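Read the structure below first, then the notes.
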Amino acid sequence: SSPHLFLLLFFIFISLSLFNSGFYLTKSLSALFFKWLEYITIFIVAQDTLSNRTRIRNVLFVLLFASAVAGASGITQRFLGFEFLRHRSMVGIDGGFLGVTGPFQHYNGFGAYLSVMFSLVAGLLLRKATPRRRCLLLILEVLLLACLLLTLSRGSWFSLFIALLLMLILTRK
């Protein structure tokens, strides 16, 4: 199928970057096979597994619940100084600022996760839903946005801006 062709092309182009790795060839090979190949495998497994509405709904519920827990972890980390899942403290940033990491090791990783989940919830808000579900999604959206702002990750803010801009262009709502 065409997604598999694009994944193959993506993997080939990533593999070509190994020629420019120099001293970091070992690290690049490790990233190629243990990071990128893992993501491609997850995509293929998800594509084959999510074949009906019930499975998709169940996976969405798990993703939303996990993002709510991660958001609550980030908020508690901001106010208590540590998060409740792994008892991690915030990470220092230049200028004496502290970035919220939530259950992640670094604020940039948490910010990237939050921008993806925020975009997913925003997409779900565009669908028709009961008032109760819409209210829960809005509460989750506010929680995720608050955590995203507290990460102080400008790259994540920019990625969220681009994602929302693309959603506006594609949905025209």
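Labels for the structure tokens follow display order: chains A, B, ..., residues from 1 in each chain, ligands from 1.
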
Q. In region 81-133 of chain A, what's alpha helix (DSSP H) per DSSP? Answer as a ChimeraX atom specification?
A. /A:107-125,131-133

Restrict the selected residues to C-alpha atoms and save them as an mmCIF file, in the first residue's frame.
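Wrote result35.cif, looks like this:
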```cif
data_model
loop_
_atom_site.group_PDB
_atom_site.id
_atom_site.type_symbol
_atom_site.label_atom_id
_atom_site.label_comp_id
_atom_site.auth_asym_id
_atom_site.auth_seq_id
_atom_site.Cartn_x
_atom_site.Cartn_y
_atom_site.Cartn_z
ATOM 1 C CA TYR A 107 10.611 18.758 29.249
ATOM 2 C CA ASN A 108 11.044 18.575 25.445
ATOM 3 C CA GLY A 109 9.887 14.944 25.396
ATOM 4 C CA PHE A 110 6.887 15.800 27.536
ATOM 5 C CA GLY A 111 6.114 18.804 25.348
ATOM 6 C CA ALA A 112 6.235 16.713 22.165
ATOM 7 C CA TYR A 113 3.856 14.174 23.713
ATOM 8 C CA LEU A 114 1.512 16.922 24.861
ATOM 9 C CA SER A 115 1.416 18.627 21.464
ATOM 10 C CA VAL A 116 0.436 15.343 19.794
ATOM 11 C CA MET A 117 -2.223 14.581 22.398
ATOM 12 C CA PHE A 118 -3.560 18.162 22.285
ATOM 13 C CA SER A 119 -3.934 17.840 18.515
ATOM 14 C CA LEU A 120 -5.737 14.506 18.910
ATOM 15 C CA VAL A 121 -8.173 15.943 21.436
ATOM 16 C CA ALA A 122 -8.732 19.009 19.226
ATOM 17 C CA GLY A 123 -9.558 16.683 16.348
ATOM 18 C CA LEU A 124 -12.016 14.785 18.538
ATOM 19 C CA LEU A 125 -13.652 18.073 19.524
ATOM 20 C CA PRO A 131 -22.381 17.536 25.701
ATOM 21 C CA ARG A 132 -20.863 15.420 28.478
ATOM 22 C CA ARG A 133 -18.101 14.077 26.223
#
```

Residues of region 25-95 of chain A at most 10 Å from region 150-157 of chain A: nearest atom pair and distance in Å, only C-alpha atoms, as a tab-separated table:
```
residue	atom	partner	partner_atom	distance
A:Gly74	CA	A:Leu150	CA	8.2
A:Ile75	CA	A:Leu150	CA	8.4
A:Arg78	CA	A:Leu150	CA	7.7
A:Met90	CA	A:Thr151	CA	9.0
A:Val91	CA	A:Thr151	CA	9.2
A:Ile93	CA	A:Leu152	CA	8.6
```

Pick out each residue of region 2-172 of chain A that DSSP on the backbone tags as strand (DSSP E); I need them as a PDB file with all heavy atoms, in the first residue's frame.
```
ATOM      1  N   VAL A  91      13.121  20.080  35.530  1.00  0.00           N
ATOM      2  CA  VAL A  91      14.461  20.219  34.956  1.00  0.00           C
ATOM      3  C   VAL A  91      14.783  21.697  34.805  1.00  0.00           C
ATOM      4  O   VAL A  91      13.957  22.476  34.330  1.00  0.00           O
ATOM      5  CB  VAL A  91      14.544  19.502  33.585  1.00  0.00           C
ATOM      6  CG1 VAL A  91      15.856  19.775  32.894  1.00  0.00           C
ATOM      7  CG2 VAL A  91      14.327  18.011  33.761  1.00  0.00           C
ATOM      8  N   GLY A  92      15.991  22.070  35.209  1.00  0.00           N
ATOM      9  CA  GLY A  92      16.417  23.453  35.092  1.00  0.00           C
ATOM     10  C   GLY A  92      16.706  23.850  33.652  1.00  0.00           C
ATOM     11  O   GLY A  92      17.240  23.075  32.868  1.00  0.00           O
ATOM     12  N   ILE A  93      16.322  25.088  33.337  1.00  0.00           N
ATOM     13  CA  ILE A  93      16.549  25.660  32.016  1.00  0.00           C
ATOM     14  C   ILE A  93      17.388  26.912  32.228  1.00  0.00           C
ATOM     15  O   ILE A  93      17.416  27.478  33.321  1.00  0.00           O
ATOM     16  CB  ILE A  93      15.205  26.019  31.343  1.00  0.00           C
ATOM     17  CG1 ILE A  93      14.294  24.795  31.269  1.00  0.00           C
ATOM     18  CG2 ILE A  93      15.402  26.599  29.956  1.00  0.00           C
ATOM     19  CD1 ILE A  93      12.895  25.091  30.801  1.00  0.00           C
ATOM     20  N   PHE A  97      14.902  29.112  35.097  1.00  0.00           N
ATOM     21  CA  PHE A  97      13.546  28.606  34.945  1.00  0.00           C
ATOM     22  C   PHE A  97      13.531  27.090  35.094  1.00  0.00           C
ATOM     23  O   PHE A  97      14.526  26.418  34.854  1.00  0.00           O
ATOM     24  CB  PHE A  97      12.984  28.984  33.569  1.00  0.00           C
ATOM     25  CG  PHE A  97      12.823  30.453  33.379  1.00  0.00           C
ATOM     26  CD1 PHE A  97      13.706  31.153  32.570  1.00  0.00           C
ATOM     27  CD2 PHE A  97      11.809  31.143  34.013  1.00  0.00           C
ATOM     28  CE1 PHE A  97      13.570  32.511  32.386  1.00  0.00           C
ATOM     29  CE2 PHE A  97      11.665  32.500  33.843  1.00  0.00           C
ATOM     30  CZ  PHE A  97      12.546  33.186  33.030  1.00  0.00           C
ATOM     31  N   LEU A  98      12.390  26.557  35.503  1.00  0.00           N
ATOM     32  CA  LEU A  98      12.227  25.122  35.660  1.00  0.00           C
ATOM     33  C   LEU A  98      11.130  24.639  34.718  1.00  0.00           C
ATOM     34  O   LEU A  98      10.007  25.157  34.736  1.00  0.00           O
ATOM     35  CB  LEU A  98      11.863  24.769  37.094  1.00  0.00           C
ATOM     36  CG  LEU A  98      12.916  25.063  38.155  1.00  0.00           C
ATOM     37  CD1 LEU A  98      12.368  24.810  39.542  1.00  0.00           C
ATOM     38  CD2 LEU A  98      14.153  24.213  37.913  1.00  0.00           C
ATOM     39  N   GLY A  99      11.451  23.642  33.892  1.00  0.00           N
ATOM     40  CA  GLY A  99      10.488  23.077  32.963  1.00  0.00           C
ATOM     41  C   GLY A  99       9.849  21.827  33.533  1.00  0.00           C
ATOM     42  O   GLY A  99      10.526  20.964  34.096  1.00  0.00           O
TER      43      GLY A  99
END
```

Test item: residues at most 9 Å from region 54-64 of chain A, only C-alpha atoms, excluding those fewer than 3 positions along its chain, as a PDB file with N, CA, C and O atoms, in the first residue's frame:
```
ATOM      1  N   THR A  49      -3.911  -3.797  13.529  1.00  0.00           N
ATOM      2  CA  THR A  49      -4.742  -4.073  14.696  1.00  0.00           C
ATOM      3  C   THR A  49      -6.024  -3.237  14.710  1.00  0.00           C
ATOM      4  O   THR A  49      -7.083  -3.730  15.075  1.00  0.00           O
ATOM      5  N   LEU A  50      -5.917  -1.976  14.330  1.00  0.00           N
ATOM      6  CA  LEU A  50      -7.068  -1.076  14.411  1.00  0.00           C
ATOM      7  C   LEU A  50      -7.944  -1.219  13.173  1.00  0.00           C
ATOM      8  O   LEU A  50      -8.026  -0.330  12.334  1.00  0.00           O
ATOM      9  N   SER A  51      -8.628  -2.349  13.112  1.00  0.00           N
ATOM     10  CA  SER A  51      -9.397  -2.658  11.913  1.00  0.00           C
ATOM     11  C   SER A  51     -10.893  -2.416  12.053  1.00  0.00           C
ATOM     12  O   SER A  51     -11.602  -2.439  11.059  1.00  0.00           O
ATOM     13  N   SER A  67      -3.229  10.383  28.700  1.00  0.00           N
ATOM     14  CA  SER A  67      -2.860  11.798  28.614  1.00  0.00           C
ATOM     15  C   SER A  67      -3.415  12.579  29.806  1.00  0.00           C
ATOM     16  O   SER A  67      -2.768  13.519  30.279  1.00  0.00           O
ATOM     17  N   ALA A  68      -4.565  12.185  30.322  1.00  0.00           N
ATOM     18  CA  ALA A  68      -5.105  12.844  31.515  1.00  0.00           C
ATOM     19  C   ALA A  68      -4.212  12.567  32.722  1.00  0.00           C
ATOM     20  O   ALA A  68      -3.929  13.475  33.517  1.00  0.00           O
ATOM     21  N   VAL A  69      -3.748  11.342  32.860  1.00  0.00           N
ATOM     22  CA  VAL A  69      -2.846  10.995  33.965  1.00  0.00           C
ATOM     23  C   VAL A  69      -1.524  11.746  33.819  1.00  0.00           C
ATOM     24  O   VAL A  69      -0.991  12.293  34.796  1.00  0.00           O
ATOM     25  N   MET A 117      -0.962  14.896  21.732  1.00  0.00           N
ATOM     26  CA  MET A 117      -2.223  14.581  22.398  1.00  0.00           C
ATOM     27  C   MET A 117      -3.207  15.754  22.316  1.00  0.00           C
ATOM     28  O   MET A 117      -4.412  15.562  22.156  1.00  0.00           O
ATOM     29  N   LEU A 120      -4.758  15.589  18.970  1.00  0.00           N
ATOM     30  CA  LEU A 120      -5.737  14.506  18.910  1.00  0.00           C
ATOM     31  C   LEU A 120      -7.046  14.918  19.564  1.00  0.00           C
ATOM     32  O   LEU A 120      -8.129  14.716  18.999  1.00  0.00           O
ATOM     33  N   VAL A 121      -6.966  15.519  20.738  1.00  0.00           N
ATOM     34  CA  VAL A 121      -8.173  15.943  21.436  1.00  0.00           C
ATOM     35  C   VAL A 121      -8.880  17.046  20.644  1.00  0.00           C
ATOM     36  O   VAL A 121     -10.116  17.062  20.544  1.00  0.00           O
ATOM     37  N   LEU A 137     -13.713  16.470  27.109  1.00  0.00           N
ATOM     38  CA  LEU A 137     -12.629  16.737  26.170  1.00  0.00           C
ATOM     39  C   LEU A 137     -12.086  18.155  26.334  1.00  0.00           C
ATOM     40  O   LEU A 137     -10.875  18.378  26.240  1.00  0.00           O
ATOM     41  N   LEU A 140      -9.898  18.199  29.410  1.00  0.00           N
ATOM     42  CA  LEU A 140      -8.624  17.568  29.077  1.00  0.00           C
ATOM     43  C   LEU A 140      -7.770  18.490  28.218  1.00  0.00           C
ATOM     44  O   LEU A 140      -6.561  18.596  28.418  1.00  0.00           O
TER      45      LEU A 140
END
```

Q: Would you mind listing what lies within 12 Å of Thr76 (chain A) as number ranges by chain, with only C-alpha atoms counted and same-chain residues fewer than 2 positions away left out?
A: A: 69-74, 78-90, 100-103, 143, 146-147, 150

Export N, CA, C and O atoms of the chosen residues as a tab-separated table (two decimals), in the first residue's frame?
```
chain	number	residue	atom	x	y	z
A	69	VAL	N	-3.75	11.34	32.86
A	69	VAL	CA	-2.85	10.99	33.97
A	69	VAL	C	-1.52	11.75	33.82
A	69	VAL	O	-0.99	12.29	34.80
A	70	ALA	N	-0.99	11.80	32.59
A	70	ALA	CA	0.27	12.52	32.36
A	70	ALA	C	0.09	14.01	32.64
A	70	ALA	O	0.97	14.65	33.22
A	71	GLY	N	-1.05	14.57	32.25
A	71	GLY	CA	-1.32	15.98	32.53
A	71	GLY	C	-1.43	16.25	34.02
A	71	GLY	O	-0.88	17.24	34.52
A	72	ALA	N	-2.12	15.37	34.72
A	72	ALA	CA	-2.23	15.52	36.18
A	72	ALA	C	-0.85	15.40	36.82
A	72	ALA	O	-0.53	16.13	37.77
A	73	SER	N	-0.02	14.53	36.29
A	73	SER	CA	1.34	14.38	36.79
A	73	SER	C	2.14	15.66	36.59
A	73	SER	O	2.88	16.09	37.48
A	74	GLY	N	1.98	16.29	35.44
A	74	GLY	CA	2.68	17.54	35.17
A	74	GLY	C	2.23	18.68	36.07
A	74	GLY	O	3.05	19.46	36.57
A	78	ARG	N	4.44	20.68	39.02
A	78	ARG	CA	4.62	22.13	39.09
A	78	ARG	C	4.35	22.66	40.50
A	78	ARG	O	5.06	23.53	40.99
A	79	PHE	N	3.33	22.14	41.15
A	79	PHE	CA	2.95	22.69	42.45
A	79	PHE	C	3.59	21.98	43.64
A	79	PHE	O	3.75	22.58	44.69
A	80	LEU	N	3.95	20.71	43.49
A	80	LEU	CA	4.57	19.97	44.58
A	80	LEU	C	6.09	19.86	44.44
A	80	LEU	O	6.77	19.49	45.38
A	81	GLY	N	6.59	20.13	43.23
A	81	GLY	CA	8.02	20.02	43.00
A	81	GLY	C	8.45	18.66	42.49
A	81	GLY	O	9.58	18.47	42.06
A	82	PHE	N	7.56	17.67	42.53
A	82	PHE	CA	7.83	16.34	41.97
A	82	PHE	C	6.52	15.79	41.45
A	82	PHE	O	5.44	16.19	41.88
A	83	GLU	N	6.64	14.88	40.48
A	83	GLU	CA	5.40	14.30	39.94
A	83	GLU	C	5.13	12.97	40.62
A	83	GLU	O	6.03	12.32	41.12
A	84	PHE	N	3.88	12.55	40.63
A	84	PHE	CA	3.48	11.43	41.47
A	84	PHE	C	3.72	10.05	40.86
A	84	PHE	O	3.62	9.06	41.55
A	85	LEU	N	4.04	9.96	39.58
A	85	LEU	CA	4.24	8.65	38.97
A	85	LEU	C	5.65	8.10	39.20
A	85	LEU	O	5.82	6.95	39.61
A	86	ARG	N	6.65	8.92	38.93
A	86	ARG	CA	8.03	8.47	39.05
A	86	ARG	C	8.85	9.33	40.00
A	86	ARG	O	10.05	9.18	40.10
A	87	HIS	N	8.19	10.27	40.66
A	87	HIS	CA	8.81	11.16	41.64
A	87	HIS	C	10.00	11.94	41.06
A	87	HIS	O	11.00	12.14	41.74
A	88	ARG	N	9.84	12.38	39.82
A	88	ARG	CA	10.88	13.19	39.17
A	88	ARG	C	10.64	14.65	39.49
A	88	ARG	O	9.51	15.11	39.61
A	89	SER	N	11.74	15.38	39.59
A	89	SER	CA	11.61	16.82	39.80
A	89	SER	C	11.72	17.54	38.46
A	89	SER	O	12.06	16.94	37.44
A	90	MET	N	11.43	18.83	38.47
A	90	MET	CA	11.48	19.61	37.25
A	90	MET	C	12.93	19.78	36.81
A	90	MET	O	13.86	19.66	37.61
A	100	VAL	N	8.55	21.71	33.38
A	100	VAL	CA	7.81	20.55	33.85
A	100	VAL	C	8.09	19.38	32.90
A	100	VAL	O	8.02	19.53	31.69
A	101	THR	N	8.43	18.24	33.47
A	101	THR	CA	8.72	17.05	32.66
A	101	THR	C	7.64	15.99	32.75
A	101	THR	O	7.62	15.07	31.94
A	102	GLY	N	6.76	16.09	33.75
A	102	GLY	CA	5.75	15.06	33.93
A	102	GLY	C	6.42	13.70	34.09
A	102	GLY	O	7.47	13.58	34.72
A	103	PRO	N	5.85	12.66	33.50
A	103	PRO	CA	6.46	11.34	33.63
A	103	PRO	C	7.64	11.11	32.70
A	103	PRO	O	8.23	10.04	32.69
A	143	LEU	N	-6.19	21.09	30.43
A	143	LEU	CA	-5.12	20.47	31.22
A	143	LEU	C	-3.86	20.27	30.38
A	143	LEU	O	-2.75	20.60	30.81
A	146	ALA	N	-2.22	23.66	29.60
A	146	ALA	CA	-1.53	24.20	30.78
A	146	ALA	C	-0.18	23.50	30.97
A	146	ALA	O	0.84	24.16	31.20
A	147	CYS	N	-0.17	22.18	30.84
A	147	CYS	CA	1.09	21.45	30.98
A	147	CYS	C	2.06	21.82	29.88
A	147	CYS	O	3.26	21.96	30.12
A	150	LEU	N	3.69	24.98	30.70
A	150	LEU	CA	4.60	24.82	31.83
A	150	LEU	C	5.89	24.09	31.48
A	150	LEU	O	6.86	24.16	32.22
```
